[in-house]
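Q: Take a look at work33.cif, mmCIF, C-alpha atoms:
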```
data_final
loop_
_atom_site.label_atom_id
_atom_site.label_comp_id
_atom_site.auth_asym_id
_atom_site.auth_seq_id
_atom_site.Cartn_x
_atom_site.Cartn_y
_atom_site.Cartn_z
CA MET A 96 105.72 73.52 98.45
CA SER A 97 106.95 76.66 100.12
CA ILE A 98 110.55 76.81 101.26
CA PRO A 99 110.95 78.40 104.67
CA THR A 100 113.23 81.39 105.03
CA GLY A 101 114.38 83.30 108.11
CA LEU A 102 113.66 81.60 111.41
CA PRO A 103 110.56 79.45 110.94
CA LEU A 104 108.62 77.86 113.77
CA LEU A 105 109.92 74.36 114.53
CA THR A 106 107.40 71.68 115.54
CA LEU A 107 108.33 68.10 116.32
CA HIS A 108 105.61 65.50 115.67
CA GLU A 109 106.69 62.63 117.89
CA ASP A 110 106.05 59.75 120.23
CA PRO A 111 108.29 60.31 123.28
CA ILE A 112 108.93 56.54 123.49
CA SER A 113 110.90 56.67 120.23
CA GLN A 114 114.61 57.46 120.49
CA ASN A 115 114.49 58.62 116.87
CA CYS A 116 112.35 61.47 118.20
CA TYR A 117 114.71 62.00 121.16
CA LYS A 118 117.60 62.56 118.72
CA ILE A 119 115.87 65.63 117.37
CA ARG A 120 115.01 66.97 120.84
CA LEU A 121 118.63 66.41 121.91
CA THR A 122 119.99 68.19 118.83
CA ALA A 123 117.66 71.15 119.39
CA SER A 124 118.64 71.30 123.06
CA LEU A 125 122.38 71.24 122.30
CA LEU A 126 121.81 74.05 119.78
CA ASN A 127 119.51 75.92 122.16
CA LEU A 128 116.71 76.00 119.60
CA PRO A 129 113.07 76.16 120.71
CA LEU A 130 110.95 73.21 119.63
CA ILE A 131 107.18 72.84 119.87
CA ARG A 132 106.26 69.24 120.69
CA LYS A 133 103.15 67.49 119.36
CA LYS A 134 102.83 64.06 120.90
CA TYR A 135 101.17 60.99 119.40
CA ASP A 136 100.82 57.52 120.92
CA ILE A 137 101.95 54.93 118.37
CA LYS A 138 100.49 52.09 120.46
CA LYS A 139 97.07 53.73 120.38
CA GLY A 140 97.30 54.12 116.58
CA GLU A 141 97.45 57.91 116.69
CA THR A 142 99.93 57.99 113.78
CA GLN A 143 97.68 55.79 111.62
CA THR A 144 94.69 58.15 111.33
CA PRO A 145 93.62 59.77 108.04
CA PHE A 146 94.39 63.16 109.63
CA PHE A 147 97.96 62.13 110.36
CA GLN A 148 98.43 60.61 106.90
CA ASN A 149 96.99 63.61 105.06
CA ASN A 150 98.60 66.36 107.11
CA ILE A 151 101.76 65.06 108.76
CA SER A 152 103.20 61.98 107.06
CA LEU A 153 102.00 60.07 104.00
CA ALA A 154 104.04 57.13 105.30
CA ARG A 155 102.42 57.50 108.74
CA GLN A 156 105.79 57.55 110.48
CA ILE A 157 107.24 59.66 113.24
CA PRO A 158 109.29 61.68 113.83
CA VAL A 159 108.44 64.49 111.44
CA LEU A 160 110.06 67.89 111.91
CA GLN A 161 107.70 70.62 110.76
CA VAL A 162 109.60 73.68 109.54
CA GLY A 163 107.09 76.46 109.06
CA ASP A 164 104.47 74.57 107.07
CA VAL A 165 106.85 72.08 105.44
CA MET A 166 107.21 68.52 106.76
CA LEU A 167 110.61 66.85 107.03
CA PRO A 168 110.61 63.12 107.90
CA GLU A 169 113.65 60.96 108.80
CA SER A 170 115.23 61.74 112.15
CA ASN A 171 118.80 62.13 110.93
CA ALA A 172 117.77 64.50 108.14
CA ALA A 173 115.89 66.59 110.72
CA CYS A 174 118.99 66.72 112.97
CA PHE A 175 121.11 67.74 109.98
CA PHE A 176 118.65 70.51 109.10
CA LEU A 177 118.75 71.93 112.64
CA ALA A 178 122.56 71.98 112.80
CA ASP A 179 123.22 73.00 109.20
CA GLN A 180 123.69 76.71 109.59
CA ASP A 181 126.56 79.12 109.69
CA GLY A 182 128.06 79.63 113.09
CA SER A 183 126.19 76.71 114.62
CA VAL A 184 126.89 76.32 118.31
CA LEU A 185 129.32 73.50 119.19
CA GLY A 186 130.05 72.73 115.55
CA LEU A 187 127.51 69.90 115.57
CA ALA A 188 127.67 69.89 111.76
CA PRO A 189 131.27 70.63 110.76
CA LYS A 190 131.87 72.94 107.81
CA ASP A 191 134.97 71.06 106.67
CA ARG A 192 134.05 68.92 103.66
CA PHE A 193 135.83 65.79 104.82
CA HIS A 194 134.63 66.03 108.43
CA ARG A 195 131.07 66.52 107.18
CA ALA A 196 131.33 63.39 105.03
CA GLU A 197 132.78 61.45 107.97
CA MET A 198 129.92 62.64 110.16
CA LEU A 199 127.43 61.41 107.55
CA ARG A 200 129.32 58.13 107.33
CA TRP A 201 128.38 57.42 110.95
CA MET A 202 124.85 58.76 110.52
CA PHE A 203 124.26 56.34 107.61
CA PHE A 204 125.88 53.54 109.61
CA GLU A 205 123.43 54.34 112.38
CA GLN A 206 120.38 54.10 110.11
CA ASN A 207 121.59 51.06 108.16
CA GLN A 208 123.28 48.82 110.75
CA HIS A 209 122.58 50.17 114.24
CA GLU A 210 118.96 51.35 114.28
CA THR A 211 117.79 48.32 112.28
CA SER A 212 119.14 45.93 114.94
CA ILE A 213 119.62 47.68 118.30
CA ALA A 214 116.52 49.88 118.11
CA VAL A 215 114.37 47.06 116.77
CA LEU A 216 115.36 44.64 119.55
CA ARG A 217 114.76 47.32 122.16
CA SER A 218 111.32 47.94 120.69
CA TRP A 219 110.46 44.24 120.56
CA LEU A 220 111.85 43.20 123.95
CA HIS A 221 111.33 46.36 126.02
CA ILE A 222 108.22 48.00 124.55
CA THR A 223 106.23 45.17 122.93
CA GLY A 224 107.49 42.38 125.17
CA TYR A 225 108.69 38.92 124.10
CA SER A 226 105.40 37.14 124.77
CA HIS A 227 103.57 39.53 122.42
CA LEU A 228 105.97 39.08 119.48
CA SER A 229 104.91 37.28 116.31
CA GLU A 230 106.67 34.06 115.31
CA SER A 231 108.33 35.97 112.48
CA GLN A 232 109.71 38.54 114.93
CA LYS A 233 110.92 35.84 117.31
CA SER A 234 112.72 34.11 114.45
CA GLN A 235 114.62 37.32 113.62
CA ILE A 236 115.96 37.97 117.14
CA GLU A 237 119.15 35.95 116.70
CA VAL A 238 120.09 37.64 113.42
CA LYS A 239 119.39 41.09 114.82
CA ARG A 240 121.38 40.26 117.94
CA ALA A 241 124.42 39.40 115.82
CA GLN A 242 123.98 42.57 113.70
CA GLY A 243 123.73 44.72 116.82
CA ILE A 244 126.83 43.19 118.41
CA ARG A 245 128.70 43.76 115.16
CA ALA A 246 127.65 47.43 115.16
CA LEU A 247 128.73 47.86 118.79
CA ASP A 248 132.07 46.17 118.04
CA ILE A 249 132.70 48.64 115.20
CA MET A 250 131.89 51.58 117.50
CA GLU A 251 134.06 50.22 120.34
CA ALA A 252 137.04 49.77 117.99
CA HIS A 253 136.59 53.28 116.60
CA LEU A 254 136.41 54.88 120.06
CA LYS A 255 139.51 53.09 121.33
CA ASP A 256 141.79 55.98 120.42
CA ARG A 257 139.45 58.96 120.13
CA GLU A 258 136.97 60.85 122.27
CA TRP A 259 134.38 61.62 119.59
CA PHE A 260 133.33 59.89 116.39
CA VAL A 261 134.59 62.69 114.12
CA GLY A 262 137.28 65.27 114.78
CA ASP A 263 137.90 66.83 118.18
CA GLY A 264 134.39 67.56 119.45
CA ILE A 265 130.80 66.44 119.50
CA THR A 266 129.00 66.28 116.14
CA LEU A 267 125.68 64.86 114.96
CA ALA A 268 127.45 61.51 114.55
CA ASP A 269 127.69 61.34 118.35
CA VAL A 270 124.16 62.65 118.89
CA VAL A 271 122.37 60.18 116.61
CA LEU A 272 124.44 57.19 117.77
CA PHE A 273 123.90 58.17 121.41
CA ALA A 274 120.11 57.87 121.21
CA TYR A 275 119.79 54.09 120.85
CA THR A 276 123.20 53.15 122.28
CA ALA A 277 122.22 54.75 125.60
CA VAL A 278 119.26 52.35 125.88
CA ALA A 279 120.82 49.31 124.16
CA GLN A 280 120.71 47.32 127.41
CA GLU A 281 116.90 47.49 127.16
CA GLY A 282 117.29 45.35 124.03
CA GLY A 283 119.44 42.87 125.91
CA PHE A 284 122.88 44.09 124.84
CA GLU A 285 125.57 43.66 127.49
CA MET A 286 126.97 47.18 127.56
CA GLN A 287 129.53 46.48 130.32
CA LYS A 288 131.50 44.71 127.57
CA TYR A 289 132.14 48.04 125.84
CA PRO A 290 134.22 50.31 128.11
CA TYR A 291 135.12 52.80 125.35
CA ILE A 292 131.47 53.17 124.40
CA GLU A 293 130.55 53.66 128.08
CA GLY A 294 133.18 56.41 128.39
CA TRP A 295 131.89 58.13 125.28
CA LEU A 296 128.26 57.94 126.51
CA GLY A 297 129.43 59.78 129.61
CA ARG A 298 131.12 62.50 127.54
CA VAL A 299 127.90 63.05 125.58
CA ARG A 300 125.90 63.28 128.84
CA ARG A 301 128.32 65.90 130.21
CA THR A 302 128.01 68.15 127.13
CA LYS A 303 126.45 71.56 127.77
CA GLY A 304 122.81 71.50 126.72
CA TRP A 305 122.46 67.71 126.99
CA LEU A 306 118.92 66.56 127.64
CA ASP A 307 117.72 63.32 129.19
CA GLN A 308 115.39 61.25 127.01
CA LYS A 309 112.68 61.54 129.66
CA GLU A 310 112.74 65.35 129.63
CA MET B 150 144.65 61.20 110.31
CA SER B 151 145.49 63.66 107.58
CA ILE B 152 142.73 65.70 106.00
CA PRO B 153 143.02 65.99 102.25
CA THR B 154 143.12 69.42 100.65
CA GLY B 155 143.07 70.46 97.01
CA LEU B 156 142.16 67.73 94.57
CA PRO B 157 143.26 64.41 96.06
CA LEU B 158 143.38 61.14 94.17
CA LEU B 159 140.07 59.28 94.42
CA THR B 160 140.15 55.48 94.64
CA LEU B 161 137.07 53.30 94.95
CA HIS B 162 137.56 49.98 96.71
CA GLU B 163 134.64 47.92 95.42
CA ASP B 164 133.02 44.75 94.21
CA PRO B 165 131.28 45.59 90.90
CA ILE B 166 128.39 43.28 91.82
CA SER B 167 127.34 45.68 94.62
CA GLN B 168 125.00 48.49 93.66
CA ASN B 169 126.26 50.41 96.71
CA CYS B 170 129.55 50.63 94.81
CA TYR B 171 127.74 51.53 91.57
CA LYS B 172 126.18 54.55 93.35
CA ILE B 173 129.62 56.04 93.83
CA ARG B 174 130.72 55.33 90.24
CA LEU B 175 127.48 56.89 88.98
CA THR B 176 127.95 59.99 91.15
CA ALA B 177 131.54 60.40 89.96
CA SER B 178 130.46 59.95 86.34
CA LEU B 179 127.66 62.53 86.61
CA LEU B 180 130.17 64.95 88.15
CA ASN B 181 132.84 64.02 85.58
CA LEU B 182 135.34 63.13 88.33
CA PRO B 183 138.08 60.57 87.66
CA LEU B 184 137.92 57.50 89.89
CA ILE B 185 140.53 54.77 90.22
CA ARG B 186 138.84 51.38 90.71
CA LYS B 187 140.25 48.61 92.89
CA LYS B 188 138.13 45.50 92.59
CA TYR B 189 137.61 42.78 95.18
CA ASP B 190 135.49 39.64 94.90
CA ILE B 191 133.29 39.36 98.00
CA LYS B 192 132.32 35.78 97.13
CA LYS B 193 136.00 34.78 97.10
CA GLY B 194 136.52 36.40 100.51
CA GLU B 195 138.81 39.12 99.17
CA THR B 196 137.33 41.69 101.58
CA GLN B 197 137.90 39.41 104.58
CA THR B 198 141.71 39.25 104.46
CA PRO B 199 143.94 40.75 107.18
CA PHE B 200 145.34 43.11 104.49
CA PHE B 201 141.87 44.44 103.71
CA GLN B 202 140.94 44.78 107.38
CA ASN B 203 144.18 46.56 108.33
CA ASN B 204 144.47 48.85 105.32
CA ILE B 205 141.03 49.43 103.80
CA SER B 206 138.19 48.74 106.23
CA LEU B 207 138.25 47.59 109.84
CA ALA B 208 134.67 46.42 109.32
CA ARG B 209 135.72 44.55 106.14
CA GLN B 210 132.98 46.16 104.12
CA ILE B 211 132.87 47.69 100.67
CA PRO B 212 132.54 50.23 99.22
CA VAL B 213 135.27 52.41 100.67
CA LEU B 214 136.16 55.67 98.94
CA GLN B 215 139.83 56.45 99.43
CA VAL B 216 140.45 60.20 99.35
CA GLY B 217 144.18 60.70 99.23
CA ASP B 218 145.22 58.35 102.02
CA VAL B 219 142.02 58.65 104.06
CA MET B 220 139.34 55.94 103.92
CA LEU B 221 135.65 56.85 103.80
CA PRO B 222 133.16 53.95 104.17
CA GLU B 223 129.37 54.09 103.65
CA SER B 224 128.25 54.57 100.07
CA ASN B 225 125.93 57.52 100.65
CA ALA B 226 128.57 59.42 102.64
CA ALA B 227 131.01 58.86 99.78
CA CYS B 228 128.47 60.20 97.25
CA PHE B 229 127.87 63.23 99.48
CA PHE B 230 131.60 63.89 99.70
CA LEU B 231 132.02 63.82 95.91
CA ALA B 232 129.13 66.22 95.29
CA ASP B 233 129.70 68.50 98.28
CA GLN B 234 131.65 71.30 96.66
CA ASP B 235 130.96 74.78 95.46
CA GLY B 236 129.72 75.02 91.92
CA SER B 237 129.12 71.28 91.63
CA VAL B 238 127.90 70.28 88.19
CA LEU B 239 124.16 69.54 87.98
CA GLY B 240 123.56 70.64 91.57
CA LEU B 241 123.68 67.02 92.77
CA ALA B 242 124.02 68.34 96.34
CA PRO B 243 121.88 71.48 96.60
CA LYS B 244 123.23 74.42 98.56
CA ASP B 245 119.82 75.45 99.86
CA ARG B 246 119.52 74.33 103.48
CA PHE B 247 116.04 72.89 103.16
CA HIS B 248 116.67 71.14 99.86
CA ARG B 249 119.84 69.62 101.30
CA ALA B 250 117.91 68.28 104.29
CA GLU B 251 115.22 66.89 101.97
CA MET B 252 117.89 65.20 99.89
CA LEU B 253 119.33 63.61 103.02
CA ARG B 254 115.83 62.55 104.06
CA TRP B 255 115.64 60.31 100.98
CA MET B 256 119.23 59.14 101.40
CA PHE B 257 118.49 58.00 104.98
CA PHE B 258 115.23 56.43 103.81
CA GLU B 259 117.28 54.53 101.23
CA GLN B 260 119.71 53.15 103.81
CA ASN B 261 117.09 52.42 106.48
CA GLN B 262 114.06 51.11 104.56
CA HIS B 263 115.04 50.48 100.92
CA GLU B 264 118.54 48.99 100.94
CA THR B 265 117.74 46.76 103.93
CA SER B 266 114.87 45.09 102.05
CA ILE B 267 115.21 45.54 98.27
CA ALA B 268 119.00 45.18 98.12
CA VAL B 269 119.00 42.26 100.55
CA LEU B 270 116.37 40.30 98.60
CA ARG B 271 118.23 40.96 95.34
CA SER B 272 121.42 39.69 96.95
CA TRP B 273 119.74 36.58 98.35
CA LEU B 274 117.61 35.64 95.34
CA HIS B 275 119.76 36.86 92.43
CA ILE B 276 123.34 36.50 93.67
CA THR B 277 123.26 33.79 96.35
CA GLY B 278 120.25 31.89 94.98
CA TYR B 279 117.26 30.59 96.96
CA SER B 280 118.56 27.04 97.30
CA HIS B 281 121.76 28.30 98.95
CA LEU B 282 120.00 30.46 101.57
CA SER B 283 120.04 29.55 105.26
CA GLU B 284 116.79 28.71 107.01
CA SER B 285 117.07 32.03 108.85
CA GLN B 286 117.34 33.93 105.56
CA LYS B 287 114.43 32.03 104.05
CA SER B 288 112.28 32.88 107.08
CA GLN B 289 112.99 36.61 106.58
CA ILE B 290 111.96 36.79 102.92
CA GLU B 291 108.29 37.54 103.60
CA VAL B 292 109.06 40.39 106.03
CA LYS B 293 111.62 41.91 103.69
CA ARG B 294 109.20 41.58 100.77
CA ALA B 295 106.59 43.60 102.69
CA GLN B 296 109.19 46.21 103.71
CA GLY B 297 110.38 46.56 100.11
CA ILE B 298 106.85 46.95 98.74
CA ARG B 299 106.18 49.60 101.38
CA ALA B 300 109.33 51.50 100.34
CA LEU B 301 108.34 51.32 96.66
CA ASP B 302 104.81 52.50 97.51
CA ILE B 303 106.25 55.55 99.31
CA MET B 304 108.45 56.34 96.29
CA GLU B 305 105.60 55.87 93.81
CA ALA B 306 103.32 58.20 95.80
CA HIS B 307 106.08 60.82 96.05
CA LEU B 308 106.81 60.73 92.29
CA LYS B 309 103.15 61.02 91.31
CA ASP B 310 103.37 64.80 90.96
CA ARG B 311 107.07 65.49 90.55
CA GLU B 312 109.92 64.54 88.24
CA TRP B 313 112.72 64.31 90.81
CA PHE B 314 112.80 63.45 94.49
CA VAL B 315 113.88 66.94 95.59
CA GLY B 316 113.40 70.25 93.82
CA ASP B 317 113.52 70.64 90.05
CA GLY B 318 116.48 68.51 89.04
CA ILE B 319 118.51 65.43 89.78
CA THR B 320 120.19 65.24 93.21
CA LEU B 321 121.95 62.52 95.16
CA ALA B 322 118.51 61.44 96.41
CA ASP B 323 117.77 60.24 92.88
CA VAL B 324 121.23 58.74 92.37
CA VAL B 325 121.29 56.60 95.51
CA LEU B 326 117.67 55.45 95.14
CA PHE B 327 118.27 54.64 91.47
CA ALA B 328 120.99 52.07 92.21
CA TYR B 329 118.86 49.34 93.79
CA THR B 330 115.49 50.38 92.34
CA ALA B 331 116.86 49.81 88.83
CA VAL B 332 117.56 46.16 89.70
CA ALA B 333 114.64 45.57 92.10
CA GLN B 334 113.08 43.07 89.70
CA GLU B 335 116.10 40.82 90.34
CA GLY B 336 114.83 40.58 93.92
CA GLY B 337 111.37 39.60 92.69
CA PHE B 338 109.65 43.01 92.89
CA GLU B 339 107.02 43.57 90.20
CA MET B 340 108.17 46.90 88.85
CA GLN B 341 105.45 47.16 86.18
CA LYS B 342 103.16 48.05 89.10
CA TYR B 343 105.01 51.35 89.57
CA PRO B 344 104.60 53.53 86.46
CA TYR B 345 105.83 56.73 88.14
CA ILE B 346 108.96 54.98 89.36
CA GLU B 347 109.53 53.57 85.85
CA GLY B 348 109.23 57.07 84.36
CA TRP B 349 111.68 58.44 86.88
CA LEU B 350 114.19 55.61 86.23
CA GLY B 351 114.10 56.65 82.58
CA ARG B 352 114.78 60.29 83.46
CA VAL B 353 117.82 59.27 85.51
CA ARG B 354 119.10 57.12 82.61
CA ARG B 355 118.78 60.04 80.20
CA THR B 356 120.81 62.40 82.40
CA LYS B 357 124.10 63.62 80.89
CA GLY B 358 126.95 61.58 82.33
CA TRP B 359 124.77 58.64 83.33
CA LEU B 360 126.67 55.36 83.52
CA ASP B 361 125.33 51.81 83.24
CA GLN B 362 126.02 49.58 86.23
CA LYS B 363 127.97 47.19 83.99
CA GLU B 364 130.35 49.93 82.79
#
```
Take the structure I supplied and represent it as structure tokens, if you would.

A:
Amino acid sequence: MSIPTGLPLLTLHEDPISQNCYKIRLTASLLNLPLIRKKYDIKKGETQTPFFQNNISLARQIPVLQVGDVMLPESNAACFFLADQDGSVLGLAPKDRFHRAEMLRWMFFEQNQHETSIAVLRSWLHITGYSHLSESQKSQIEVKRAQGIRALDIMEAHLKDREWFVGDGITLADVVLFAYTAVAQEGGFEMQKYPYIEGWLGRVRRTKGWLDQKE
Amino acid sequence: MSIPTGLPLLTLHEDPISQNCYKIRLTASLLNLPLIRKKYDIKKGETQTPFFQNNISLARQIPVLQVGDVMLPESNAACFFLADQDGSVLGLAPKDRFHRAEMLRWMFFEQNQHETSIAVLRSWLHITGYSHLSESQKSQIEVKRAQGIRALDIMEAHLKDREWFVGDGITLADVVLFAYTAVAQEGGFEMQKYPYIEGWLGRVRRTKGWLDQKE
């Protein structure tokens, strides 16, 4: 495996329907980094081909950030890679040891408790559609609903007396949590119940370099 | 919130039955850092008291790493904090930008795909016991079994031609994946099917400073 040096070409292998992919586009946009986009349609099985498995992702998952000729899966790791440089614009990845750990705290929370409930319900109810779900999926909706509400409650309580998740400005904690929170209503979550989250979503949208998911 | 400087006192708020807590003890042991342990019994509701919620964790979850008087939840963020210093022993958190992102890739994989299946089944089948599970939990076993096998397959394929998850030595990627993989058989996973994982578990156990989960 070769380790890229200098300023390698950045290619995002993605399906635009996935907010995990959007996170990486949003991070790159906030940092003003150019990103080549290679699009695949998950629904059409384009990430399940032997070509994709052999060349892009053994696990046949998107997104994958290609850095030079090296492949980096996991959306939050890709965002961290993009922001993890000296003098990064906006301080998306703080240099302070404690702030960096706090940022990662929310990024792990996102992958463990938020994405696994809020993103999954949005995928099932908005993309797949209830009538196309398996019995197993239908039986999990209630549990995932409770997990998602719990995650939103934790976020709402945290934002009650602060503008950003960590420190005094936007970091990757905000970026990665924004992606699926901004579309949580598509999974049936009643976002009008969370005024602090709504205010914070607005602050993210007003940040210089912000990019809509449809762009 | 005060940000700790220098060498603050490190206190782990934990339940020893949780391998998420063990991760932090193992990281501290490998780095030869002293850790004060405050134990709570989840089963007895000791993490659900108003004292715990007001002083340790609003979300009433363990582990929480207390750094001075600041509380840091999320096990993998706590491990990152401990290892994230210049000249860290063993290079548990590599300084190289790409290696660091690759390490985080496996740490996010652990929280998103591994802990949510392998740790949950171990908790249900080994700690709670099948006969005490709710109907909802019972109905999720098959899905979580498939997710866990998929995670183990990805690990086995990755370890086929390397000794450690990232680079040439042990990093936090190995530490955090070790915690629940080492007890996966307690969740009913057939670990004899994964010879490369078994070899890697042995390498972790033979690392200087390694600590058994029962210590």

Q: Specify as a VMD selection string each residue included when the PyMOL selection byres ((chain A and resi 107-120) around 6) is applied to this file.

A: chain A and resid 106 121 to 123 132 to 136 157 to 160 170 174 271 274 308

Q: Can you work out the spacing between atom CA of A:Leu177 and atom CA of A:Thr211 in Å, to one decimal?

A: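 Between atom CA of A:Leu177 and atom CA of A:Thr211 the gap works out to 23.6 Å.
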
Q: Sorted by chain and rising residue number, which residues of chain A lie within 6 Å of chain B, and what are their closest atom pairs and distances in Å to one decimal, counting all atoms listed in the file, as JSON lines?

A:
```
{"residue": "A:Glu169", "atom": "CA", "partner": "B:Arg254", "partner_atom": "CA", "distance": 5.5}
{"residue": "A:Ala172", "atom": "CA", "partner": "B:Arg254", "partner_atom": "CA", "distance": 4.9}
{"residue": "A:Phe176", "atom": "CA", "partner": "B:Ala250", "partner_atom": "CA", "distance": 5.4}
{"residue": "A:Ala196", "atom": "CA", "partner": "B:Phe230", "partner_atom": "CA", "distance": 5.4}
{"residue": "A:Leu199", "atom": "CA", "partner": "B:Ala226", "partner_atom": "CA", "distance": 5.4}
{"residue": "A:Arg200", "atom": "CA", "partner": "B:Ala226", "partner_atom": "CA", "distance": 4.9}
{"residue": "A:Gln206", "atom": "CA", "partner": "B:Asn261", "partner_atom": "CA", "distance": 5.2}
{"residue": "A:Asn207", "atom": "CA", "partner": "B:Asn261", "partner_atom": "CA", "distance": 5.0}
```

Q: Take the residues just selected and output them with C-alpha atoms as a compact mmCIF listing (two decimals), in the coordinates of the input.

A:
```txt
# COMPACT_ATOMS: atom_id res chain seq x y z
CA GLU A 169 113.65 60.96 108.80
CA ALA A 172 117.77 64.50 108.14
CA PHE A 176 118.65 70.51 109.10
CA ALA A 196 131.33 63.39 105.03
CA LEU A 199 127.43 61.41 107.55
CA ARG A 200 129.32 58.13 107.33
CA GLN A 206 120.38 54.10 110.11
CA ASN A 207 121.59 51.06 108.16
```

Q: Record the distance separating atom CA of B:Leu326 and atom CA of B:Ile290, expressed in Å with one decimal.

A: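 Value for the atom CA of B:Leu326-atom CA of B:Ile290 distance: 21.0 Å.
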
Q: So the first atom is atom CA of A:Leu254 and the second is atom CA of A:Gly297; what is the distance between them in Å, to one decimal place?

A: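 Computed distance, atom CA of A:Leu254 to atom CA of A:Gly297, equals 12.8 Å.
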
Q: Which residues would end up in the selection if the PyMOL selection byres ((chain A and resi 279) around 12) were applied here, given that I need the answer as number ranges by chain?

A: A: 114, 209-210, 212-218, 220-221, 240, 243-244, 246-247, 272-278, 280-287, 289, 292-293, 296

Q: I'd like the contact shell of A:Arg155 - 8 Å cut-off, all atoms listed in the file, skipping same-chain residues fewer than 5 positions apart - returned as a list in words.

A: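 Skipping anything fewer than 5 positions along the chain leaves Thr142, Gln143, Phe147 and Gln148 of chain A.
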